[in-house]
Each structure stands twice: as C-alpha cells, then as structure tokens.
Amino acid sequence: MRVSISFYLHLLGFGLAAAALAGSFVLERKFRSEQDLNVKLYIGGLSRTMGLLSPFAVLLLLITGIGNIFNRYAALSIEWYQEGWLAAKIISFVILTLNGMIYGPRISRSRTKLVRSLYENSAPANADKALASLNHQMALFYVVQSTLLLIIVYLSLFGTAKHPGSF
Ligand code: HEM
C-alpha cells in the first residue's frame, strides 16, 4: 500500500486549525458574556494561549501542502498553477494567515488594554463604547476567518474531484 505521510499530516493540520478556531470562538463567547473584569482578563489570557496553536497549524499546513503538490502533480500531466481551485485556495490561505497574524492579535491587544484599564479604574471616558466597537471588530474577525476556512475546505474537497456523490 502506498501512503502519503504528507497528506496524513495535512489532514491533522486541518484538524488543528479548526480546533484552534473553534476553541478561540468558544472563549470569545465566554469573554463577551462575562461580567467580572478580572475573569474577563483571565479568559483573554486563555484565548491568547489557544491562539498559539495557530502558527503551528499554519506551518504544518504550508509544509504538508507543498508536499501534497509534489505528490499530486507528479502523477498528473499539468502544472500545479494550472488548477484554479489550488490557486484560489493558496490565495485564501494567505489572506487567512495574514488576517490571523495582524488583525486578530491587534484587536485582542487593544481590548485587553482597555479591559485592564477598566479593572484598574483608569479607563478613558468613552471606554464602554470603545469596548463595544472592539467586540464588534472581533466578531467580524471570526466571521472572516471561519468563512475563509470553509472556502478552503470546499475548494480542497470539490477541487480535487476525489469525492464523487449523487448530490
Ligand atoms: C487552512 C489551510 C488548509 C486547509 C484547511 C486544507 C485542507 C485540505 C484538505 C481537507 C484536503 C483534502 C482534500 C481531499 O483530497 O479530499 C487538502 C488537500 C490538498 N491541499 Fe490543503 N489545506 C490547506 C492549506 C493548503 C496549502 C497552503 C496548500 C499548498 C501550499 C495545500 C495544498 C493541498 C493539495 C495540493 C491538496 C491535494 C492533495 C491530493 O489530492 O493529493 N493546502 N487540503
């Protein structure tokens, strides 16, 4: 039996990425509903720890994705860049990664700073409004990341045409 370790690890990378996103989302809901500011800060810390999984998942997906390209196109008569689903997938992956590296941590840092200032009674006058706005931005961040992940999985499954079904 011929197996691809790269493909196996790629699927594990997908599982890790999905778990990191889902876990962070659950913590985000808890963060939003928690009234105690000290507990809020604690949940924010947990969420950052959970976020540390993402770089591992991204690196694993990238390295094994390149491995998949070598394996898949060695057996096909076309080049990897000639398949639209893969090009669209790589572009979506780059946006997902940049968004996760830049905007997510930036919003999270500003929000933690604000909640800490509220906890220490040194918050600016419009703190509640600012917090609501940051919460909104974070919700949008999760919508974008989840949508991109779903698009990537859709492209991976339907693009390869390896899973025919009757509907
Ligand atoms: C969030 C990121 C990613 C996710 C969730 C993901 C998910 C998946 C899944 C579920 C499959 C299996 C499809 C199937 O055969 O049934 C797959 C296949 C594949 N992925 Fe990814 N992937 C990601 C990133 C990447 C990247 C960055 C690359 C390229 C650099 C890549 C290249 C490939 C290739 C070429 C295949 C087809 C393998 C084959 O048919 O032998 N993936 N991916």
# chains A, B, ... in the order shown; residues from 1 in each chain; ligands from 1
>>> residues_near_ligand(ligand="ligand 1", cutoff="6 Å", atoms="only C-alpha atoms and all ligand atoms", output="NGL selection string")
:A and (11 or 14 or 61-62 or 65-66 or 68-69 or 72 or 90 or 93 or 149 or 152-153 or 156-157 or 160)
>>> write_last_selection(atoms="N, CA and C atoms", output="CSV table (one decimal), in the first residue's frame")
chain,number,residue,atom,x,y,z
A,11,LEU,N,-4.0,16.6,6.8
A,11,LEU,CA,-5.4,16.5,7.5
A,11,LEU,C,-5.3,16.8,9.0
A,14,PHE,N,-5.2,20.4,9.3
A,14,PHE,CA,-6.6,21.0,9.2
A,14,PHE,C,-7.3,20.9,10.5
A,61,LEU,N,0.3,23.1,7.8
A,61,LEU,CA,-0.5,23.1,6.5
A,61,LEU,C,0.3,23.5,5.3
A,62,LEU,N,1.2,24.5,5.6
A,62,LEU,CA,2.0,25.0,4.4
A,62,LEU,C,3.0,24.0,4.0
A,65,GLY,N,1.2,21.0,2.6
A,65,GLY,CA,0.5,21.4,1.4
A,65,GLY,C,1.5,21.4,0.2
A,66,ILE,N,2.8,21.9,0.5
A,66,ILE,CA,3.8,21.8,-0.6
A,66,ILE,C,4.1,20.3,-0.9
A,68,ASN,N,2.0,17.9,-0.7
A,68,ASN,CA,0.9,17.4,-1.4
A,68,ASN,C,1.0,17.8,-2.9
A,69,ILE,N,1.5,19.0,-3.1
A,69,ILE,CA,1.7,19.5,-4.5
A,69,ILE,C,2.7,18.6,-5.2
A,72,ARG,N,0.9,15.2,-5.8
A,72,ARG,CA,-0.3,15.2,-6.7
A,72,ARG,C,0.1,15.4,-8.2
A,90,ILE,N,-4.7,28.8,-2.3
A,90,ILE,CA,-3.5,29.4,-1.7
A,90,ILE,C,-3.7,30.9,-1.4
A,93,PHE,N,-5.7,31.1,1.7
A,93,PHE,CA,-4.8,30.7,2.8
A,93,PHE,C,-3.9,31.9,3.2
A,149,LEU,N,-11.9,29.6,6.1
A,149,LEU,CA,-11.6,28.2,6.4
A,149,LEU,C,-12.6,27.3,5.6
A,152,ILE,N,-11.7,27.3,2.0
A,152,ILE,CA,-10.6,26.5,1.7
A,152,ILE,C,-10.9,25.0,1.7
A,153,VAL,N,-11.7,24.6,2.7
A,153,VAL,CA,-12.1,23.2,2.7
A,153,VAL,C,-13.0,22.8,1.5
A,156,SER,N,-10.7,22.5,-1.4
A,156,SER,CA,-9.9,21.2,-1.3
A,156,SER,C,-10.7,20.0,-1.7
A,157,LEU,N,-11.9,19.9,-1.2
A,157,LEU,CA,-12.7,18.7,-1.4
A,157,LEU,C,-13.3,18.7,-2.8
A,160,THR,N,-10.4,18.9,-6.0
A,160,THR,CA,-9.7,17.7,-6.4
A,160,THR,C,-10.6,16.6,-7.1
>>> residues_around(residues="Gly44 in chain A", least_positions_apart="2", cutoff="10 Å", atoms="only C-alpha atoms", output="PyMOL selection string")
chain A and resi 24+27-28+30-31+38-42+46-50+108-109+111-112+115
>>> closest_residue(among="A:Ala161, A:His10, A:Phe141, A:Glu34", to="Ile102 in chain A", atoms="only C-alpha atoms")
A:Phe141
>>> select_by_dssp(residues="chain A", states="helix (DSSP H, G or I)", output="VMD selection string")
chain A and resid 5 to 33 37 to 51 53 to 74 80 to 82 84 to 119 127 to 159
>>> residues_around(residues="Ser133 in chain A", least_positions_apart="6", cutoff="12 Å", atoms="only C-alpha atoms", output="PyMOL selection string")
chain A and resi 107+110-111+114+126-127+139-140
>>> closest_residue(among="A:Trp85, A:Ile151, A:Ser166, A:Tyr142", to="Phe25 in chain A", atoms="only C-alpha atoms")
A:Tyr142
